[in-house]
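Heads up, data-v1.cif below (mmCIF, N, CA and C atoms and all ligand atoms):
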```cif
data_start
#
loop_
_atom_site.label_atom_id
_atom_site.label_comp_id
_atom_site.auth_asym_id
_atom_site.auth_seq_id
_atom_site.Cartn_x
_atom_site.Cartn_y
_atom_site.Cartn_z
N MET A 801 -17.83 2.24 -8.35
CA MET A 801 -16.72 3.15 -8.16
C MET A 801 -15.89 3.15 -9.46
N LYS A 802 -15.42 4.30 -9.82
CA LYS A 802 -14.53 4.38 -10.98
C LYS A 802 -13.62 5.59 -10.85
N PHE A 803 -12.50 5.51 -11.50
CA PHE A 803 -11.56 6.63 -11.54
C PHE A 803 -10.66 6.48 -12.76
N PRO A 804 -10.07 7.58 -13.21
CA PRO A 804 -9.21 7.50 -14.39
C PRO A 804 -7.81 7.03 -14.04
N CYS A 805 -7.31 6.10 -14.85
CA CYS A 805 -5.91 5.70 -14.72
C CYS A 805 -5.06 6.86 -15.25
N LEU A 806 -3.80 6.90 -14.86
CA LEU A 806 -2.92 7.96 -15.34
C LEU A 806 -2.70 7.89 -16.85
N CYS A 807 -2.99 6.72 -17.47
CA CYS A 807 -2.86 6.58 -18.93
C CYS A 807 -4.10 7.08 -19.66
N GLY A 808 -5.18 7.34 -18.91
CA GLY A 808 -6.39 7.85 -19.54
C GLY A 808 -7.56 6.88 -19.54
N ARG A 809 -7.29 5.61 -19.35
CA ARG A 809 -8.36 4.61 -19.33
C ARG A 809 -9.15 4.75 -18.03
N THR A 810 -10.44 4.56 -18.09
CA THR A 810 -11.27 4.61 -16.89
C THR A 810 -11.30 3.23 -16.25
N LEU A 811 -10.95 3.17 -14.97
CA LEU A 811 -11.01 1.92 -14.21
C LEU A 811 -12.33 1.90 -13.45
N SER A 812 -13.00 0.76 -13.50
CA SER A 812 -14.31 0.65 -12.86
C SER A 812 -14.51 -0.76 -12.31
N ASN A 813 -15.24 -0.82 -11.21
CA ASN A 813 -15.59 -2.13 -10.66
C ASN A 813 -17.10 -2.35 -10.79
N ALA A 814 -17.70 -1.71 -11.79
CA ALA A 814 -19.16 -1.78 -11.98
C ALA A 814 -19.64 -3.20 -12.22
N GLY A 815 -18.92 -3.98 -12.99
CA GLY A 815 -19.31 -5.37 -13.23
C GLY A 815 -18.68 -6.28 -12.20
N SER A 816 -19.40 -7.28 -11.77
CA SER A 816 -18.85 -8.20 -10.79
C SER A 816 -19.15 -9.63 -11.21
N PRO A 817 -18.17 -10.48 -11.35
CA PRO A 817 -16.74 -10.20 -11.17
C PRO A 817 -16.18 -9.36 -12.33
N ASN A 818 -15.01 -8.82 -12.12
CA ASN A 818 -14.37 -8.03 -13.18
C ASN A 818 -12.87 -8.30 -13.15
N LEU A 819 -12.17 -7.81 -14.15
CA LEU A 819 -10.73 -8.02 -14.26
C LEU A 819 -9.92 -6.82 -13.79
N THR A 820 -10.59 -5.88 -13.13
CA THR A 820 -9.90 -4.71 -12.60
C THR A 820 -9.47 -4.93 -11.16
N GLU A 821 -10.36 -5.46 -10.35
CA GLU A 821 -10.07 -5.67 -8.93
C GLU A 821 -9.29 -6.97 -8.73
N HIS A 822 -8.24 -6.88 -7.94
CA HIS A 822 -7.43 -8.05 -7.58
C HIS A 822 -7.16 -7.98 -6.07
N PHE A 823 -6.66 -9.07 -5.53
CA PHE A 823 -6.27 -9.07 -4.13
C PHE A 823 -4.82 -9.49 -4.01
N LEU A 824 -4.08 -8.76 -3.20
CA LEU A 824 -2.69 -9.06 -2.93
C LEU A 824 -2.64 -9.71 -1.56
N LEU A 825 -2.02 -10.90 -1.52
CA LEU A 825 -2.04 -11.68 -0.29
C LEU A 825 -0.65 -12.26 -0.03
N SER A 826 -0.12 -12.08 1.16
CA SER A 826 1.17 -12.67 1.52
C SER A 826 0.99 -14.18 1.69
N SER A 827 2.08 -14.92 1.77
CA SER A 827 1.96 -16.36 1.99
C SER A 827 1.35 -16.64 3.35
N VAL A 828 1.61 -15.78 4.33
CA VAL A 828 0.97 -15.92 5.64
C VAL A 828 -0.54 -15.71 5.48
N GLY A 829 -0.90 -14.74 4.66
CA GLY A 829 -2.31 -14.47 4.41
C GLY A 829 -3.00 -15.62 3.70
N VAL A 830 -2.28 -16.27 2.76
CA VAL A 830 -2.86 -17.42 2.05
C VAL A 830 -3.18 -18.53 3.05
N GLU A 831 -2.24 -18.76 3.96
CA GLU A 831 -2.46 -19.80 4.97
C GLU A 831 -3.63 -19.43 5.88
N ARG A 832 -3.70 -18.17 6.26
CA ARG A 832 -4.80 -17.69 7.11
C ARG A 832 -6.13 -17.85 6.36
N LEU A 833 -6.13 -17.50 5.08
CA LEU A 833 -7.34 -17.63 4.27
C LEU A 833 -7.80 -19.09 4.19
N GLN A 834 -6.86 -19.99 3.97
CA GLN A 834 -7.20 -21.42 3.92
C GLN A 834 -7.78 -21.89 5.26
N ASP A 835 -7.18 -21.44 6.36
CA ASP A 835 -7.68 -21.83 7.69
C ASP A 835 -9.10 -21.29 7.91
N LEU A 836 -9.33 -20.05 7.51
CA LEU A 836 -10.66 -19.45 7.70
C LEU A 836 -11.71 -20.18 6.87
N ILE A 837 -11.37 -20.50 5.62
CA ILE A 837 -12.33 -21.20 4.76
C ILE A 837 -12.61 -22.59 5.31
N ASN A 838 -11.55 -23.27 5.76
CA ASN A 838 -11.75 -24.59 6.36
C ASN A 838 -12.65 -24.49 7.59
N GLU A 839 -12.43 -23.45 8.39
CA GLU A 839 -13.23 -23.25 9.60
C GLU A 839 -14.69 -23.00 9.25
N TYR A 840 -14.91 -22.13 8.28
CA TYR A 840 -16.29 -21.82 7.87
C TYR A 840 -16.97 -23.06 7.27
N THR A 841 -16.21 -23.79 6.44
CA THR A 841 -16.77 -24.98 5.80
C THR A 841 -17.11 -26.05 6.84
N ALA A 842 -16.21 -26.24 7.80
CA ALA A 842 -16.43 -27.26 8.82
C ALA A 842 -17.69 -26.99 9.64
N HIS A 843 -18.01 -25.71 9.78
CA HIS A 843 -19.18 -25.33 10.58
C HIS A 843 -20.40 -25.00 9.73
N GLY A 844 -20.31 -25.31 8.42
CA GLY A 844 -21.45 -25.10 7.54
C GLY A 844 -21.80 -23.64 7.31
N ARG A 845 -20.82 -22.75 7.54
CA ARG A 845 -21.07 -21.31 7.37
C ARG A 845 -20.53 -20.86 6.00
N PHE A 846 -21.06 -21.48 4.95
CA PHE A 846 -20.56 -21.24 3.59
C PHE A 846 -20.73 -19.80 3.14
N THR A 847 -21.74 -19.13 3.63
CA THR A 847 -21.99 -17.76 3.17
C THR A 847 -20.98 -16.78 3.73
N GLU A 848 -20.24 -17.17 4.74
CA GLU A 848 -19.30 -16.25 5.38
C GLU A 848 -17.89 -16.31 4.82
N TRP A 849 -17.64 -17.25 3.91
CA TRP A 849 -16.27 -17.41 3.44
C TRP A 849 -15.74 -16.15 2.75
N ALA A 850 -16.62 -15.38 2.12
CA ALA A 850 -16.19 -14.16 1.44
C ALA A 850 -15.58 -13.16 2.42
N ASP A 851 -16.01 -13.19 3.67
CA ASP A 851 -15.44 -12.30 4.68
C ASP A 851 -13.99 -12.64 4.98
N SER A 852 -13.59 -13.86 4.61
CA SER A 852 -12.24 -14.33 4.90
C SER A 852 -11.18 -13.48 4.23
N TRP A 853 -11.50 -12.91 3.09
CA TRP A 853 -10.50 -12.09 2.38
C TRP A 853 -10.00 -10.97 3.27
N GLU A 854 -10.93 -10.24 3.87
CA GLU A 854 -10.54 -9.11 4.71
C GLU A 854 -9.80 -9.61 5.95
N GLU A 855 -10.31 -10.69 6.54
CA GLU A 855 -9.68 -11.24 7.75
C GLU A 855 -8.29 -11.80 7.48
N SER A 856 -8.03 -12.21 6.26
CA SER A 856 -6.72 -12.78 5.92
C SER A 856 -5.67 -11.69 5.67
N GLY A 857 -6.09 -10.45 5.62
CA GLY A 857 -5.15 -9.36 5.40
C GLY A 857 -4.95 -9.03 3.93
N ALA A 858 -5.83 -9.51 3.07
CA ALA A 858 -5.72 -9.23 1.64
C ALA A 858 -5.83 -7.73 1.37
N ILE A 859 -5.00 -7.26 0.47
CA ILE A 859 -5.00 -5.86 0.08
C ILE A 859 -5.62 -5.75 -1.31
N GLU A 860 -6.59 -4.85 -1.45
CA GLU A 860 -7.23 -4.69 -2.75
C GLU A 860 -6.33 -3.89 -3.68
N VAL A 861 -6.19 -4.39 -4.90
CA VAL A 861 -5.37 -3.74 -5.92
C VAL A 861 -6.16 -3.68 -7.22
N TRP A 862 -6.21 -2.52 -7.82
CA TRP A 862 -6.84 -2.39 -9.13
C TRP A 862 -5.74 -2.32 -10.17
N LYS A 863 -5.95 -3.03 -11.28
CA LYS A 863 -4.95 -3.09 -12.34
C LYS A 863 -5.53 -2.56 -13.64
N CYS A 864 -4.78 -1.67 -14.26
CA CYS A 864 -5.20 -1.14 -15.56
C CYS A 864 -4.80 -2.14 -16.64
N SER A 865 -5.74 -2.56 -17.44
CA SER A 865 -5.45 -3.55 -18.48
C SER A 865 -4.70 -2.95 -19.66
N ASP A 866 -4.67 -1.63 -19.76
CA ASP A 866 -3.94 -1.00 -20.87
C ASP A 866 -2.46 -0.79 -20.54
N CYS A 867 -2.16 -0.17 -19.40
CA CYS A 867 -0.77 0.17 -19.07
C CYS A 867 -0.20 -0.69 -17.94
N GLN A 868 -1.02 -1.54 -17.34
CA GLN A 868 -0.61 -2.46 -16.27
C GLN A 868 -0.30 -1.76 -14.95
N ARG A 869 -0.60 -0.48 -14.80
CA ARG A 869 -0.38 0.18 -13.51
C ARG A 869 -1.23 -0.49 -12.45
N LEU A 870 -0.71 -0.48 -11.23
CA LEU A 870 -1.42 -1.04 -10.08
C LEU A 870 -1.76 0.08 -9.12
N TYR A 871 -2.99 0.08 -8.64
CA TYR A 871 -3.47 1.06 -7.66
C TYR A 871 -3.81 0.30 -6.40
N VAL A 872 -3.02 0.53 -5.35
CA VAL A 872 -3.18 -0.23 -4.10
C VAL A 872 -4.16 0.47 -3.18
N SER A 873 -5.12 -0.28 -2.70
CA SER A 873 -6.14 0.17 -1.74
C SER A 873 -6.90 1.41 -2.21
N PRO A 874 -7.48 1.37 -3.40
CA PRO A 874 -8.19 2.56 -3.90
C PRO A 874 -9.40 2.95 -3.07
N LYS A 875 -9.97 2.00 -2.36
CA LYS A 875 -11.18 2.32 -1.57
C LYS A 875 -10.85 3.00 -0.25
N ASP A 876 -9.55 3.10 0.08
CA ASP A 876 -9.16 3.79 1.31
C ASP A 876 -9.14 5.30 1.12
N GLY A 877 -9.39 5.76 -0.08
CA GLY A 877 -9.38 7.19 -0.38
C GLY A 877 -8.34 7.49 -1.42
N PHE A 878 -8.70 8.30 -2.39
CA PHE A 878 -7.79 8.58 -3.49
C PHE A 878 -6.49 9.23 -3.04
N ASP A 879 -6.52 9.97 -1.94
CA ASP A 879 -5.30 10.64 -1.46
C ASP A 879 -4.32 9.65 -0.84
N LYS A 880 -4.75 8.42 -0.60
CA LYS A 880 -3.87 7.42 0.03
C LYS A 880 -3.42 6.32 -0.93
N VAL A 881 -3.94 6.33 -2.15
CA VAL A 881 -3.62 5.28 -3.12
C VAL A 881 -2.14 5.34 -3.51
N VAL A 882 -1.51 4.18 -3.50
CA VAL A 882 -0.13 4.07 -3.97
C VAL A 882 -0.19 3.48 -5.38
N VAL A 883 0.48 4.12 -6.33
CA VAL A 883 0.43 3.70 -7.73
C VAL A 883 1.77 3.10 -8.14
N TYR A 884 1.73 1.92 -8.73
CA TYR A 884 2.93 1.26 -9.25
C TYR A 884 2.82 1.18 -10.76
N LYS A 885 3.94 1.48 -11.43
CA LYS A 885 3.99 1.44 -12.88
C LYS A 885 5.07 0.43 -13.30
N VAL A 886 4.83 -0.29 -14.38
CA VAL A 886 5.80 -1.24 -14.87
C VAL A 886 7.10 -0.51 -15.19
N GLU A 887 8.17 -0.95 -14.55
CA GLU A 887 9.46 -0.34 -14.76
C GLU A 887 10.29 -1.12 -15.78
N GLN A 888 10.10 -2.43 -15.75
CA GLN A 888 10.92 -3.29 -16.59
C GLN A 888 10.23 -4.64 -16.71
N VAL A 889 10.41 -5.29 -17.82
CA VAL A 889 9.91 -6.65 -17.99
C VAL A 889 11.11 -7.56 -18.20
N GLY A 890 11.24 -8.56 -17.36
CA GLY A 890 12.38 -9.46 -17.43
C GLY A 890 13.53 -8.94 -16.60
N ILE A 891 14.30 -9.86 -16.03
CA ILE A 891 15.47 -9.45 -15.22
C ILE A 891 16.72 -10.17 -15.68
ZN ZN A 901 -3.60 2.66 -17.39
#
```
Could you quickly redo this structure as structure tokens?
Amino acid sequence: MKFPCLCGRTLSNAGSPNLTEHFLLSSVGVERLQDLINEYTAHGRFTEWADSWEESGAIEVWKCSDCQRLYVSPKDGFDKVVVYKVEQVGI
């Protein structure tokens, strides 16, 4: 999958792993993820731990390495993507 960032750079997840795709996870989600991994590990289901990301409520975010814009949930459809742009650095 690939699409153009508003700055002109092409974002792609062709290589895996890559530095474009990230996951946004709340602290509740982190705890849920840890519990799921512990559960899978305890039962020897090591191959299933990757499913834990979705079950933990992680949100996929793509980041442009040139302009730092964030595209939230790009795989849900381009018409639903929320785009965040750096407004300020430092407070
Ligand atoms: Zn960009």
Around ligand ZN 901 (chain A), at most 9 Å away and counting only C-alpha atoms and all ligand atoms, which residues are there? Put them as an MDAnalysis selection string, please. chainID A and resid 804:811 863:870 885
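You will find atom N of A:Val883 at 22.1 Å from atom N of A:Gly815.
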For the structure I just gave you, how does DSSP split stretch 804-890 of chain A - specifically, which residues are strand (DSSP E or B)? Reply as a VMD selection string. chain A and resid 804 810 to 812 821 to 824 859 to 863 870 to 872 882 to 884
Which residues, written as a PDB file with N, CA and C atoms, keeping the file's coordinate frame, have at least one atom at most 6.5 Å from A:Ser873, with only N, CA and C atoms counted and residues fewer than 5 positions away on the same chain left out?
```pdb
ATOM      1  N   ILE A 859      -5.000  -7.260   0.470  1.00  0.00           N
ATOM      2  CA  ILE A 859      -5.000  -5.860   0.080  1.00  0.00           C
ATOM      3  C   ILE A 859      -5.620  -5.750  -1.310  1.00  0.00           C
ATOM      4  N   GLU A 860      -6.590  -4.850  -1.450  1.00  0.00           N
ATOM      5  CA  GLU A 860      -7.230  -4.690  -2.750  1.00  0.00           C
ATOM      6  C   GLU A 860      -6.330  -3.890  -3.680  1.00  0.00           C
ATOM      7  N   VAL A 861      -6.190  -4.390  -4.900  1.00  0.00           N
ATOM      8  CA  VAL A 861      -5.370  -3.740  -5.920  1.00  0.00           C
ATOM      9  C   VAL A 861      -6.160  -3.680  -7.220  1.00  0.00           C
ATOM     10  N   TRP A 862      -6.210  -2.520  -7.820  1.00  0.00           N
ATOM     11  CA  TRP A 862      -6.840  -2.390  -9.130  1.00  0.00           C
ATOM     12  C   TRP A 862      -5.740  -2.320 -10.170  1.00  0.00           C
ATOM     13  N   LYS A 880      -4.750   8.420  -0.600  1.00  0.00           N
ATOM     14  CA  LYS A 880      -3.870   7.420   0.030  1.00  0.00           C
ATOM     15  C   LYS A 880      -3.420   6.320  -0.930  1.00  0.00           C
ATOM     16  N   VAL A 881      -3.940   6.330  -2.150  1.00  0.00           N
ATOM     17  CA  VAL A 881      -3.620   5.280  -3.120  1.00  0.00           C
ATOM     18  C   VAL A 881      -2.140   5.340  -3.510  1.00  0.00           C
ATOM     19  N   VAL A 882      -1.510   4.180  -3.500  1.00  0.00           N
ATOM     20  CA  VAL A 882      -0.130   4.070  -3.970  1.00  0.00           C
ATOM     21  C   VAL A 882      -0.190   3.480  -5.380  1.00  0.00           C
TER      22      VAL A 882
END
```
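Counting all atoms listed in the file, the residue from A:Val886, A:Ala858, A:Arg845, A:Leu836 that sits nearest to A:His822 is A:Ala858.
The spacing separating atom C of A:Ile837 from atom CA of A:Val872 amounts to 26.0 Å.
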Nearest candidate to A:Arg832 (options A:Gly890, A:Lys875, A:Gly857, A:Tyr884; using only N, CA and C atoms):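 Going through A:Gly890, A:Lys875, A:Gly857, A:Tyr884 one by one, the smallest distance to A:Arg832 is for A:Gly857.
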Give me the residues within 8 Å of A:Gly829 as a PDB file with N, CA and C atoms, in the frame of the given file, counting only N, CA and C atoms and dropping any in the same chain fewer than 5 places off.
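Once written, result_19.pdb looks like this:
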```pdb
ATOM      1  N   LEU A 824      -4.080  -8.760  -3.200  1.00  0.00           N
ATOM      2  CA  LEU A 824      -2.690  -9.060  -2.930  1.00  0.00           C
ATOM      3  C   LEU A 824      -2.640  -9.710  -1.560  1.00  0.00           C
ATOM      4  N   GLN A 834      -6.860 -19.990   3.970  1.00  0.00           N
ATOM      5  CA  GLN A 834      -7.200 -21.420   3.920  1.00  0.00           C
ATOM      6  C   GLN A 834      -7.780 -21.890   5.260  1.00  0.00           C
ATOM      7  N   ASP A 835      -7.180 -21.440   6.360  1.00  0.00           N
ATOM      8  CA  ASP A 835      -7.680 -21.830   7.690  1.00  0.00           C
ATOM      9  C   ASP A 835      -9.100 -21.290   7.910  1.00  0.00           C
ATOM     10  N   GLU A 855     -10.310 -10.690   6.540  1.00  0.00           N
ATOM     11  CA  GLU A 855      -9.680 -11.240   7.750  1.00  0.00           C
ATOM     12  C   GLU A 855      -8.290 -11.800   7.480  1.00  0.00           C
ATOM     13  N   SER A 856      -8.030 -12.210   6.260  1.00  0.00           N
ATOM     14  CA  SER A 856      -6.720 -12.780   5.920  1.00  0.00           C
ATOM     15  C   SER A 856      -5.670 -11.690   5.670  1.00  0.00           C
ATOM     16  N   GLY A 857      -6.090 -10.450   5.620  1.00  0.00           N
ATOM     17  CA  GLY A 857      -5.150  -9.360   5.400  1.00  0.00           C
ATOM     18  C   GLY A 857      -4.950  -9.030   3.930  1.00  0.00           C
ATOM     19  N   ALA A 858      -5.830  -9.510   3.070  1.00  0.00           N
ATOM     20  CA  ALA A 858      -5.720  -9.230   1.640  1.00  0.00           C
ATOM     21  C   ALA A 858      -5.830  -7.730   1.370  1.00  0.00           C
TER      22      ALA A 858
END
```
Quick check, in Å to one decimal: how far apart do atom N of A:Trp853 and atom CA of A:Leu833 lie?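 Result for atom N of A:Trp853 versus atom CA of A:Leu833: 6.4 Å, one decimal.
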Find the residue from A:Gly877, A:Glu854, A:Val889, A:Glu831 that sits nearest to A:Phe803; use only C-alpha atoms when measuring.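 The shortest atom-to-atom distance to A:Phe803 comes from A:Gly877.
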Around stretch 820-829 of chain A, with edges along x, y and z and 3 Å added on all six sides, what centre and edge lengths do you get, in Å to one decimal, as AutoDock Vina command-line options?
```
--center_x -4.3 --center_y -10.7 --center_z -3.7 --size_x 18.7 --size_y 17.9 --size_z 24.8
```
When DSSP works through the backbone of this structure, what residues of stretch 816-889 of chain A end up as helix (DSSP H, G or I), shown as a ChimeraX atom specification? /A:827-842,846-855,874-876,878-880
